[in-house]
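A.B. asks: Structure file query.cif, mmCIF, C-alpha atoms, is pasted below:
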data_data
loop_
_atom_site.label_atom_id
_atom_site.label_comp_id
_atom_site.auth_asym_id
_atom_site.auth_seq_id
_atom_site.Cartn_x
_atom_site.Cartn_y
_atom_site.Cartn_z
CA MET A 623 -19.95 38.80 -7.95
CA ILE A 624 -16.71 36.91 -8.59
CA LYS A 625 -18.42 33.57 -9.21
CA LYS A 626 -20.56 34.92 -12.04
CA LYS A 627 -17.56 36.66 -13.60
CA ILE A 628 -15.55 33.45 -13.55
CA GLN A 629 -18.44 31.42 -14.96
CA GLU A 630 -18.90 33.92 -17.78
CA LEU A 631 -15.20 33.89 -18.60
CA ALA A 632 -15.10 30.08 -18.53
CA LYS A 633 -17.94 30.05 -21.03
CA ASN A 634 -16.26 32.66 -23.25
CA ILE A 635 -12.92 30.84 -23.47
CA TYR A 636 -14.44 27.36 -23.78
CA ASN A 637 -13.76 27.01 -27.51
CA ASP A 638 -10.13 28.04 -27.03
CA VAL A 639 -9.68 25.46 -24.26
CA VAL A 640 -11.20 22.75 -26.46
CA ALA A 641 -8.88 23.71 -29.31
CA ASN A 642 -5.85 23.58 -26.99
CA ARG A 643 -6.90 20.24 -25.61
CA ARG A 644 -7.37 18.78 -29.10
CA HIS A 645 -3.98 20.06 -30.22
CA LEU A 646 -2.31 18.46 -27.22
CA HIS A 647 -4.27 15.25 -27.67
CA ALA A 648 -3.23 14.98 -31.31
CA ASN A 649 0.43 15.61 -30.45
CA PRO A 650 1.21 13.54 -27.34
CA GLU A 651 4.71 13.12 -25.93
CA LEU A 652 6.02 10.54 -23.49
CA SER A 653 7.36 11.21 -20.00
CA PHE A 654 10.56 13.27 -19.94
CA HIS A 655 10.14 14.01 -23.67
CA GLU A 656 7.47 16.76 -23.52
CA VAL A 657 9.56 19.12 -25.68
CA GLU A 658 6.93 20.39 -28.12
CA THR A 659 4.27 20.34 -25.41
CA SER A 660 6.46 22.63 -23.32
CA VAL A 661 6.97 24.95 -26.30
CA PHE A 662 3.20 25.06 -26.86
CA VAL A 663 2.48 25.90 -23.22
CA ALA A 664 5.20 28.56 -23.20
CA ARG A 665 3.68 30.22 -26.27
CA LYS A 666 0.25 30.30 -24.65
CA LEU A 667 1.69 31.83 -21.48
CA GLU A 668 3.45 34.48 -23.58
CA GLU A 669 0.14 35.30 -25.27
CA LEU A 670 -1.26 36.03 -21.80
CA GLY A 671 1.68 38.27 -21.02
CA LEU A 672 2.93 35.91 -18.32
CA GLU A 673 6.60 35.45 -17.61
CA TYR A 674 7.71 31.88 -17.05
CA HIS A 675 10.83 29.89 -16.39
CA LYS A 676 11.74 26.32 -17.17
CA MET A 677 12.31 23.70 -14.55
CA ALA A 678 13.22 19.99 -14.70
CA ASP A 679 13.98 20.32 -18.44
CA THR A 680 10.46 20.50 -19.87
CA GLY A 681 8.54 21.81 -16.86
CA LEU A 682 7.26 25.39 -16.73
CA VAL A 683 6.36 27.71 -13.86
CA ALA A 684 4.59 31.07 -14.11
CA LEU A 685 3.09 33.55 -11.64
CA ILE A 686 -0.12 35.57 -11.70
CA LYS A 687 -0.16 38.33 -9.09
CA GLY A 688 -3.42 39.85 -7.98
CA ASP A 689 -3.67 43.62 -7.67
CA LYS A 690 -4.97 43.62 -4.10
CA PRO A 691 -2.42 43.56 -1.25
CA SER A 692 -1.73 40.05 0.04
CA GLU A 693 1.32 37.85 0.67
CA LYS A 694 -0.59 34.61 0.23
CA VAL A 695 0.48 32.17 -2.48
CA ILE A 696 -1.40 29.21 -3.93
CA ALA A 697 -0.08 26.77 -6.54
CA LEU A 698 -2.09 25.08 -9.28
CA ARG A 699 -0.60 22.00 -10.95
CA ALA A 700 -1.10 20.24 -14.30
CA ASP A 701 0.85 17.31 -15.73
CA MET A 702 1.77 17.13 -19.43
CA ASP A 703 2.99 13.64 -20.41
CA ALA A 704 1.23 10.91 -22.39
CA LEU A 705 1.35 7.10 -22.35
CA PRO A 706 2.84 4.42 -24.65
CA ILE A 707 -0.60 3.35 -25.93
CA THR A 708 -1.92 3.22 -29.50
CA GLU A 709 -5.17 5.18 -29.72
CA ALA A 710 -8.24 3.32 -30.99
CA ASN A 711 -10.63 6.30 -31.08
CA ASP A 712 -11.85 7.54 -34.46
CA VAL A 713 -11.95 11.27 -33.72
CA PRO A 714 -10.64 14.35 -35.57
CA TYR A 715 -8.08 14.95 -32.83
CA LYS A 716 -6.77 11.36 -32.73
CA SER A 717 -3.11 10.98 -31.81
CA THR A 718 -0.78 11.52 -34.75
CA THR A 719 2.17 9.97 -32.90
CA PRO A 720 2.35 6.19 -33.43
CA GLY A 721 2.13 4.25 -30.19
CA VAL A 722 1.64 7.32 -27.99
CA MET A 723 -1.65 8.61 -26.60
CA HIS A 724 -3.05 10.97 -23.99
CA ALA A 725 -4.89 8.11 -22.30
CA CYS A 726 -4.84 9.60 -18.80
CA GLY A 727 -6.22 13.07 -19.45
CA HIS A 728 -3.06 15.09 -19.05
CA ASP A 729 -4.04 17.00 -22.19
CA VAL A 730 -7.17 17.98 -20.25
CA HIS A 731 -5.17 19.05 -17.22
CA THR A 732 -2.75 21.17 -19.22
CA SER A 733 -5.34 22.87 -21.42
CA SER A 734 -7.53 23.45 -18.36
CA LEU A 735 -4.74 25.16 -16.41
CA LEU A 736 -4.02 27.36 -19.42
CA GLY A 737 -7.71 28.28 -19.40
CA THR A 738 -7.63 28.96 -15.67
CA ALA A 739 -4.59 31.18 -16.22
CA LYS A 740 -6.54 33.14 -18.82
CA ILE A 741 -9.45 33.64 -16.40
CA LEU A 742 -7.23 34.70 -13.50
CA SER A 743 -5.22 37.06 -15.71
CA ALA A 744 -8.45 38.82 -16.64
CA LEU A 745 -9.47 39.12 -12.99
CA LYS A 746 -6.27 40.34 -11.33
CA SER A 747 -8.07 43.38 -9.99
CA GLU A 748 -10.50 41.11 -8.13
CA PHE A 749 -8.08 39.28 -5.84
CA GLY A 750 -4.90 39.62 -3.83
CA GLY A 751 -1.96 37.27 -3.53
CA THR A 752 -0.12 35.15 -6.07
CA VAL A 753 -1.13 32.13 -8.11
CA LYS A 754 1.76 29.88 -9.11
CA LEU A 755 1.10 27.85 -12.26
CA ILE A 756 2.95 24.52 -12.38
CA PHE A 757 3.13 22.66 -15.71
CA GLN A 758 4.87 19.45 -14.77
CA PRO A 759 6.48 16.70 -16.87
CA ALA A 760 6.55 12.96 -16.36
CA GLU A 761 3.78 12.05 -13.93
CA GLU A 762 3.60 8.58 -15.49
CA LYS A 763 7.19 7.47 -14.97
CA LEU A 764 9.43 7.08 -11.94
CA PRO A 765 10.90 9.02 -10.25
CA GLY A 766 8.01 11.32 -11.22
CA GLY A 767 8.23 14.86 -12.52
CA ALA A 768 6.78 16.24 -9.30
CA SER A 769 9.79 15.05 -7.30
CA LEU A 770 12.15 16.68 -9.80
CA MET A 771 10.19 19.93 -9.81
CA ILE A 772 10.27 20.05 -6.01
CA LYS A 773 14.01 19.37 -5.96
CA ALA A 774 14.43 22.21 -8.46
CA GLY A 775 12.58 24.57 -6.09
CA VAL A 776 9.05 24.76 -7.45
CA LEU A 777 7.68 25.10 -3.92
CA GLU A 778 9.99 28.01 -3.12
CA ASN A 779 10.37 31.65 -4.22
CA PRO A 780 7.52 32.18 -3.53
CA LYS A 781 6.48 29.35 -1.24
CA PRO A 782 2.81 28.38 -1.70
CA GLN A 783 0.62 27.89 1.35
CA ALA A 784 -1.49 25.43 -0.65
CA VAL A 785 -1.28 23.29 -3.80
CA LEU A 786 -4.34 22.29 -5.84
CA GLY A 787 -4.52 19.67 -8.56
CA GLN A 788 -7.32 18.06 -10.54
CA HIS A 789 -7.52 14.79 -12.47
CA VAL A 790 -10.05 13.39 -14.92
CA MET A 791 -12.37 10.67 -13.62
CA PRO A 792 -14.34 8.65 -16.19
CA LEU A 793 -16.45 7.11 -13.41
CA ILE A 794 -18.01 10.52 -12.69
CA ASP A 795 -20.40 12.29 -15.08
CA ALA A 796 -19.21 15.45 -16.79
CA GLY A 797 -20.38 18.48 -14.84
CA LYS A 798 -19.58 16.88 -11.48
CA VAL A 799 -16.45 16.72 -9.33
CA GLY A 800 -15.34 14.59 -6.39
CA PHE A 801 -13.40 15.27 -3.18
CA ARG A 802 -11.93 13.21 -0.36
CA SER A 803 -10.26 14.55 2.76
CA GLY A 804 -7.29 12.79 4.34
CA LYS A 805 -5.54 9.77 2.84
CA TYR A 806 -6.72 9.37 -0.74
CA MET A 807 -4.26 7.55 -3.03
CA ALA A 808 -1.65 4.87 -2.39
CA SER A 809 2.10 4.82 -2.50
CA THR A 810 3.52 2.67 -5.27
CA ASP A 811 6.64 0.51 -5.48
CA GLU A 812 7.80 -1.66 -8.36
CA LEU A 813 9.12 -5.14 -7.55
CA TYR A 814 11.64 -6.94 -9.77
CA VAL A 815 12.46 -10.48 -8.65
CA THR A 816 14.68 -13.21 -10.09
CA VAL A 817 14.67 -16.74 -8.64
CA ARG A 818 17.71 -18.76 -9.76
CA GLY A 819 17.95 -22.51 -9.49
CA LYS A 820 19.35 -25.25 -11.74
CA GLY A 821 17.42 -26.22 -14.84
CA GLY A 822 17.29 -29.51 -16.67
CA HIS A 823 15.04 -32.22 -18.01
CA GLY A 824 11.52 -32.23 -16.59
CA ALA A 825 11.64 -36.02 -16.30
CA GLN A 826 14.63 -35.84 -13.94
CA PRO A 827 13.56 -33.32 -11.28
CA GLN A 828 15.88 -34.88 -8.70
CA GLN A 829 18.84 -33.57 -10.65
CA ASN A 830 17.51 -30.00 -10.76
CA VAL A 831 16.71 -27.13 -8.42
CA ASP A 832 13.33 -26.16 -9.84
CA PRO A 833 12.90 -22.35 -9.75
CA VAL A 834 9.31 -22.66 -10.98
CA ILE A 835 8.15 -24.58 -7.91
CA ILE A 836 10.22 -22.36 -5.64
CA THR A 837 8.69 -19.27 -7.21
CA ALA A 838 5.22 -20.68 -6.60
CA HIS A 839 6.04 -21.01 -2.90
CA ILE A 840 7.40 -17.46 -2.82
CA LEU A 841 4.36 -15.99 -4.55
CA THR A 842 1.98 -17.69 -2.13
CA ALA A 843 4.02 -16.86 0.95
CA LEU A 844 4.42 -13.19 0.07
CA GLN A 845 0.66 -12.68 0.29
CA GLN A 846 0.97 -13.47 4.00
CA VAL A 847 2.97 -10.26 4.38
CA ILE A 848 -0.30 -8.47 3.62
CA SER A 849 -2.74 -10.80 5.37
CA ARG A 850 -0.77 -11.47 8.56
CA PHE A 851 1.58 -8.54 9.20
CA ASN A 852 -0.38 -5.55 7.96
CA ASP A 853 -3.04 -3.86 10.08
CA PRO A 854 -6.33 -4.82 8.36
CA LYS A 855 -7.56 -1.24 8.84
CA SER A 856 -4.73 0.05 6.64
CA PRO A 857 -5.23 -0.60 2.89
CA SER A 858 -2.39 -2.51 1.25
CA VAL A 859 -2.01 -4.34 -2.06
CA LEU A 860 0.61 -6.75 -3.40
CA SER A 861 0.16 -7.94 -6.98
CA PHE A 862 2.43 -9.66 -9.49
CA GLY A 863 1.51 -9.15 -13.12
CA LYS A 864 4.50 -10.68 -14.87
CA VAL A 865 5.95 -14.16 -14.40
CA ILE A 866 8.43 -15.51 -16.95
CA ALA A 867 9.62 -19.13 -16.66
CA ASN A 868 11.08 -19.66 -20.10
CA GLY A 869 11.25 -23.44 -20.15
CA ALA A 870 9.09 -25.96 -22.01
CA THR A 871 6.80 -28.90 -21.29
CA ASN A 872 9.80 -31.04 -20.42
CA VAL A 873 12.41 -28.33 -19.70
CA ILE A 874 12.88 -26.81 -16.27
CA PRO A 875 14.50 -23.36 -16.72
CA ASP A 876 17.44 -22.05 -14.73
CA GLU A 877 15.55 -19.01 -13.50
CA VAL A 878 12.14 -17.38 -13.16
CA TYR A 879 11.60 -13.64 -13.45
CA LEU A 880 8.80 -11.69 -11.72
CA GLU A 881 7.48 -8.14 -11.77
CA GLY A 882 4.92 -6.77 -9.37
CA THR A 883 3.62 -3.77 -7.47
CA PHE A 884 3.23 -2.99 -3.78
CA ARG A 885 0.92 -0.20 -2.60
CA THR A 886 -0.09 1.14 0.77
CA MET A 887 -1.08 4.28 2.69
CA ASP A 888 1.32 4.07 5.62
CA GLU A 889 4.99 5.00 5.17
CA GLN A 890 6.22 3.08 8.23
CA TRP A 891 4.39 -0.08 7.16
CA ARG A 892 5.70 0.45 3.65
CA GLU A 893 9.27 0.35 4.95
CA ASP A 894 8.59 -2.69 7.16
CA ALA A 895 6.88 -4.56 4.32
CA HIS A 896 9.86 -4.01 2.03
CA LYS A 897 12.14 -5.71 4.54
CA ARG A 898 9.72 -8.57 5.19
CA MET A 899 9.11 -9.32 1.51
CA LYS A 900 12.78 -9.35 0.68
CA LYS A 901 13.74 -11.49 3.69
CA MET A 902 10.90 -13.96 3.10
CA ALA A 903 11.60 -14.45 -0.62
CA GLU A 904 15.34 -14.82 -0.13
CA GLY A 905 14.84 -17.20 2.81
CA ILE A 906 12.42 -19.48 0.95
CA ALA A 907 14.72 -19.65 -2.06
CA GLU A 908 17.77 -20.44 0.07
CA SER A 909 15.93 -23.10 2.08
CA MET A 910 15.07 -24.88 -1.18
CA GLY A 911 18.55 -24.70 -2.67
CA ALA A 912 18.07 -21.67 -4.89
CA SER A 913 18.84 -17.95 -4.71
CA CYS A 914 16.59 -14.93 -5.02
CA GLU A 915 17.41 -11.42 -6.14
CA PHE A 916 14.64 -9.15 -4.81
CA ASN A 917 14.85 -5.54 -6.04
CA ILE A 918 12.42 -2.80 -5.01
CA MET A 919 12.16 0.42 -6.99
CA LYS A 920 10.60 2.83 -4.54
CA GLY A 921 7.98 4.98 -6.20
CA TYR A 922 5.57 7.72 -5.17
CA PRO A 923 4.47 8.22 -1.55
CA PHE A 924 0.81 8.08 -0.57
CA LEU A 925 -1.33 11.12 -1.34
CA ILE A 926 -3.01 12.96 1.50
CA ASN A 927 -5.51 15.81 1.15
CA GLU A 928 -5.12 18.32 3.98
CA GLU A 929 -8.41 18.49 5.83
CA ARG A 930 -8.96 22.25 6.19
CA LEU A 931 -7.95 23.01 2.61
CA THR A 932 -10.02 20.15 1.20
CA ALA A 933 -13.09 21.10 3.25
CA ALA A 934 -12.78 24.70 2.04
CA ALA A 935 -12.30 23.60 -1.57
CA ARG A 936 -15.31 21.34 -1.37
CA THR A 937 -17.47 24.14 0.02
CA SER A 938 -16.30 26.44 -2.76
CA ALA A 939 -17.04 23.74 -5.34
CA GLU A 940 -20.57 23.42 -3.99
CA GLU A 941 -20.99 27.18 -4.29
CA TYR A 942 -19.73 27.13 -7.87
CA LEU A 943 -21.44 23.96 -9.18
CA GLY A 944 -24.25 23.27 -6.71
CA LYS A 945 -24.18 20.64 -3.94
CA GLU A 946 -25.72 18.00 -6.18
CA ASN A 947 -22.65 18.14 -8.43
CA VAL A 948 -20.03 17.61 -5.72
CA LEU A 949 -19.45 13.99 -4.72
CA ASP A 950 -17.63 12.05 -2.01
CA LEU A 951 -14.71 9.92 -3.19
CA ASP A 952 -13.54 6.61 -1.75
CA ILE A 953 -9.86 5.76 -1.28
CA TRP A 954 -8.13 4.89 -4.53
CA MET A 955 -5.25 2.39 -4.61
CA ALA A 956 -3.82 3.86 -7.78
CA ALA A 957 -0.84 6.20 -7.39
CA GLU A 958 -0.10 9.79 -8.44
CA ASP A 959 3.07 11.80 -8.17
CA PHE A 960 0.99 14.77 -6.95
CA ALA A 961 1.57 12.88 -3.67
CA TYR A 962 5.00 14.52 -3.48
CA TYR A 963 3.34 17.95 -3.27
CA SER A 964 0.92 16.62 -0.65
CA GLN A 965 3.82 15.42 1.48
CA ALA A 966 5.57 18.80 1.23
CA ALA A 967 2.69 21.31 1.47
CA HIS A 968 -1.00 21.54 2.31
CA SER A 969 -2.65 20.08 -0.77
CA CYS A 970 -5.96 19.12 -2.32
CA PHE A 971 -6.24 16.74 -5.26
CA TYR A 972 -9.77 16.39 -6.60
CA ARG A 973 -11.50 14.60 -9.47
CA LEU A 974 -13.09 16.07 -12.58
CA GLY A 975 -16.01 14.13 -14.03
CA THR A 976 -15.63 13.37 -17.77
CA ARG A 977 -18.17 10.58 -18.35
CA ASN A 978 -21.11 10.66 -20.79
CA GLU A 979 -22.86 7.32 -21.14
CA ALA A 980 -25.30 8.61 -23.76
CA ARG A 981 -22.36 9.36 -26.05
CA GLY A 982 -20.46 6.18 -25.15
CA ILE A 983 -17.71 8.06 -23.32
CA THR A 984 -17.12 5.57 -20.53
CA SER A 985 -13.67 4.03 -21.06
CA SER A 986 -11.22 3.97 -18.19
CA VAL A 987 -7.95 5.86 -18.19
CA HIS A 988 -4.91 3.99 -19.56
CA THR A 989 -7.01 2.33 -22.28
CA PRO A 990 -6.86 2.86 -26.09
CA THR A 991 -10.46 4.15 -26.14
CA PHE A 992 -10.23 6.70 -23.34
CA ASP A 993 -11.79 10.07 -24.20
CA ILE A 994 -13.74 12.78 -22.40
CA ASP A 995 -16.98 14.70 -22.71
CA GLU A 996 -15.43 18.05 -23.54
CA THR A 997 -18.16 19.97 -21.73
CA ALA A 998 -16.08 19.10 -18.65
CA LEU A 999 -13.54 21.68 -19.82
CA GLU A 1000 -15.82 24.55 -18.87
CA VAL A 1001 -16.02 23.15 -15.35
CA SER A 1002 -12.30 22.38 -15.12
CA THR A 1003 -11.17 25.90 -16.02
CA GLY A 1004 -13.76 27.89 -14.08
CA LEU A 1005 -13.81 25.79 -10.93
CA MET A 1006 -10.04 25.82 -10.49
CA ALA A 1007 -10.01 29.61 -10.91
CA TYR A 1008 -12.80 29.94 -8.34
CA LEU A 1009 -11.03 27.62 -5.87
CA ALA A 1010 -7.84 29.65 -6.21
CA VAL A 1011 -9.54 33.01 -5.68
CA LYS A 1012 -11.53 31.71 -2.70
CA GLU A 1013 -8.47 30.15 -1.08
CA LEU A 1014 -6.44 33.33 -1.54
CA GLY A 1015 -9.25 35.18 0.21
CA ASN A 1016 -9.20 32.89 3.27
#
Before we go any further, please render this structure as structure tokens.
C.D. replies:
Amino acid sequence: MIKKKIQELAKNIYNDVVANRRHLHANPELSFHEVETSVFVARKLEELGLEYHKMADTGLVALIKGDKPSEKVIALRADMDALPITEANDVPYKSTTPGVMHACGHDVHTSSLLGTAKILSALKSEFGGTVKLIFQPAEEKLPGGASLMIKAGVLENPKPQAVLGQHVMPLIDAGKVGFRSGKYMASTDELYVTVRGKGGHGAQPQQNVDPVIITAHILTALQQVISRFNDPKSPSVLSFGKVIANGATNVIPDEVYLEGTFRTMDEQWREDAHKRMKKMAEGIAESMGASCEFNIMKGYPFLINEERLTAAARTSAEEYLGKENVLDLDIWMAAEDFAYYSQAAHSCFYRLGTRNEARGITSSVHTPTFDIDETALEVSTGLMAYLAVKELGN
């Protein structure tokens, strides 16, 4: 039975996967700089006898072809980049690169896909079709490595009928996974705004055009774009996390600088909101004697899990792990560049539980204390192999 064979292989290679994950964790590299990570992955693929080719500078793509006759192709994706965070964990595999850390689990994703490749390579006689392995750079930084890989042809020659990806989830216990069909994660846009007025002495406001007060009006008004123009049934978020008005107690500055994020799950509304925000901010500034430069850096689209593929993957996960270990996920307003794959092909992006409260492994991603319960690595490698084989058989 294929399930038992995969489970046995996942158990047998577990120590190797842990070792790979710890190596990657100790040697993190930032987005678009995954040079040594790429070399490491290439060496591991060579050890499996797999041919690969580079894509988008540090990205890698390899194929595993089953021995049985089939033209079906499925792609499995892992991201490789780390974050500009200083690790606070006291562990043997702590980051050795100052100010850089695998705080989002991409070391888990990469080592897991290498493990899955090892399992599938050992089972080529058991399935038909082709598994495309995608090791992708720069998920954490716009324009996103996924978009560059797609432009370079990662979804062609051969063209996959489905793309699967997994991501760590510290809210879910190790040993469990989570799925959601349909819209799952939000689009993301970065907002960079400068409000320019005329600074001066705080005791003589009549002689100034106060950009601080004008910015306050803009910030408040922009929230009405969400509350009064967006369909309440469609999730949308507008948040500003940086406001710089570099004056003093009695000094009104010449300008105020803002940075924020806009997220939604509707591409038409996304486009409309961009126009409304820009027009509103510029109009308020002009009406109060100032000017406003409103720049939008368009980021990732929203992520959608194709319903048939996701339902099939969930059923297979229940077969592999047991129904009690497969959970329903809610929508998530964070963003992921896997969304580019989901917009271009039938896709399923699911969550891998990594939490262990008893051991204090509870920190969120993107924090200096993020870590995982490494028992999750046996699930991550085996389950993805099982999902691939089952999908190829459909």
A.B. asks: Restricting the calculation to only C-alpha atoms: of A:Trp891, A:Phe749, A:Phe851, A:Phe992, which residue gets closest to His724 (chain A)?
C.D. replies: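 With only C-alpha atoms as the atom set, the closest residue is A:Phe992.
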A.B. asks: Calculate how many Å separate CA of Ile848 (chain A) from CA of Glu893 (chain A), rounding to one decimal.
C.D. replies: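 Computing it gives 13.1 Å between the two atoms.
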A.B. asks: For Gly921 (chain A), list every protein, DNA or RNA residue within 8 Å, evaluated using only C-alpha atoms, and leave out those in the same chain fewer than 3 positions away; present the list as a PyMOL selection string.
C.D. replies: chain A and resi 764-765+809-812
A.B. asks: Which polymer residues, whether protein, DNA or RNA, lie within 9 Å of the coordinate (-1.5, -7.5, -0.4) when you count only C-alpha atoms? List them as a compact mmCIF listing (two decimals) with C-alpha atoms, in the frame of the given file, using the chain letters and numbers from the file.
C.D. replies:
# COMPACT_ATOMS: atom_id res chain seq x y z
CA LEU A 844 4.42 -13.19 0.07
CA GLN A 845 0.66 -12.68 0.29
CA GLN A 846 0.97 -13.47 4.00
CA VAL A 847 2.97 -10.26 4.38
CA ILE A 848 -0.30 -8.47 3.62
CA SER A 849 -2.74 -10.80 5.37
CA ASN A 852 -0.38 -5.55 7.96
CA PRO A 857 -5.23 -0.60 2.89
CA SER A 858 -2.39 -2.51 1.25
CA VAL A 859 -2.01 -4.34 -2.06
CA LEU A 860 0.61 -6.75 -3.40
CA SER A 861 0.16 -7.94 -6.98
CA PHE A 884 3.23 -2.99 -3.78
CA ARG A 885 0.92 -0.20 -2.60
CA THR A 886 -0.09 1.14 0.77
A.B. asks: Given the choices A:Gly882, A:Pro990, A:Gly797, A:Gly1015, which gets closest to Asp712 (chain A) if the distance is worked out from all atoms listed in the file?
C.D. replies: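 Counting all atoms listed in the file, the residue closest to Asp712 (chain A) is A:Pro990.
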A.B. asks: Counting all atoms listed in the file, figure out which residue out of A:Arg898, A:Thr883, A:Ser964, A:Gly822 gets nearest to Arg850 (chain A).
C.D. replies: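 Checking each of A:Arg898, A:Thr883, A:Ser964, A:Gly822 against Arg850 (chain A), counting all atoms listed in the file, the winner is A:Arg898.
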A.B. asks: Check which residues satisfy the PyMOL selection byres ((chain A and resi 863) around 8) in the file shown, then give them as a PyMOL selection string.
C.D. replies: chain A and resi 861-862+864-865+880-882
A.B. asks: Since the input lacks atoms, please generate N, CA and C atoms for region 831-842 of chain A and provide them as a PDB file, keeping the file's coordinate frame.
C.D. replies:
ATOM      1  N   VAL A 831      17.275 -27.985  -9.475  1.00  0.00           N
ATOM      2  CA  VAL A 831      16.710 -27.130  -8.420  1.00  0.00           C
ATOM      3  C   VAL A 831      15.668 -26.281  -9.129  1.00  0.00           C
ATOM      4  N   ASP A 832      14.424 -26.688  -8.994  1.00  0.00           N
ATOM      5  CA  ASP A 832      13.330 -26.160  -9.840  1.00  0.00           C
ATOM      6  C   ASP A 832      12.895 -24.753  -9.394  1.00  0.00           C
ATOM      7  N   PRO A 833      13.284 -23.706 -10.146  1.00  0.00           N
ATOM      8  CA  PRO A 833      12.900 -22.350  -9.750  1.00  0.00           C
ATOM      9  C   PRO A 833      11.415 -22.058  -9.950  1.00  0.00           C
ATOM     10  N   VAL A 834      10.743 -22.873 -10.763  1.00  0.00           N
ATOM     11  CA  VAL A 834       9.310 -22.660 -10.980  1.00  0.00           C
ATOM     12  C   VAL A 834       8.531 -23.002  -9.714  1.00  0.00           C
ATOM     13  N   ILE A 835       8.816 -24.166  -9.151  1.00  0.00           N
ATOM     14  CA  ILE A 835       8.150 -24.580  -7.910  1.00  0.00           C
ATOM     15  C   ILE A 835       8.518 -23.640  -6.770  1.00  0.00           C
ATOM     16  N   ILE A 836       9.775 -23.263  -6.706  1.00  0.00           N
ATOM     17  CA  ILE A 836      10.220 -22.360  -5.640  1.00  0.00           C
ATOM     18  C   ILE A 836       9.534 -21.008  -5.757  1.00  0.00           C
ATOM     19  N   THR A 837       9.386 -20.538  -6.991  1.00  0.00           N
ATOM     20  CA  THR A 837       8.690 -19.270  -7.210  1.00  0.00           C
ATOM     21  C   THR A 837       7.240 -19.353  -6.778  1.00  0.00           C
ATOM     22  N   ALA A 838       6.604 -20.495  -7.027  1.00  0.00           N
ATOM     23  CA  ALA A 838       5.220 -20.680  -6.600  1.00  0.00           C
ATOM     24  C   ALA A 838       5.096 -20.556  -5.081  1.00  0.00           C
ATOM     25  N   HIS A 839       6.040 -21.135  -4.364  1.00  0.00           N
ATOM     26  CA  HIS A 839       6.040 -21.010  -2.900  1.00  0.00           C
ATOM     27  C   HIS A 839       6.235 -19.552  -2.487  1.00  0.00           C
ATOM     28  N   ILE A 840       7.130 -18.861  -3.153  1.00  0.00           N
ATOM     29  CA  ILE A 840       7.400 -17.460  -2.820  1.00  0.00           C
ATOM     30  C   ILE A 840       6.170 -16.592  -3.063  1.00  0.00           C
ATOM     31  N   LEU A 841       5.534 -16.783  -4.215  1.00  0.00           N
ATOM     32  CA  LEU A 841       4.360 -15.990  -4.550  1.00  0.00           C
ATOM     33  C   LEU A 841       3.249 -16.173  -3.512  1.00  0.00           C
ATOM     34  N   THR A 842       3.028 -17.413  -3.116  1.00  0.00           N
ATOM     35  CA  THR A 842       1.980 -17.690  -2.130  1.00  0.00           C
ATOM     36  C   THR A 842       2.347 -17.120  -0.763  1.00  0.00           C
TER      37      THR A 842
END
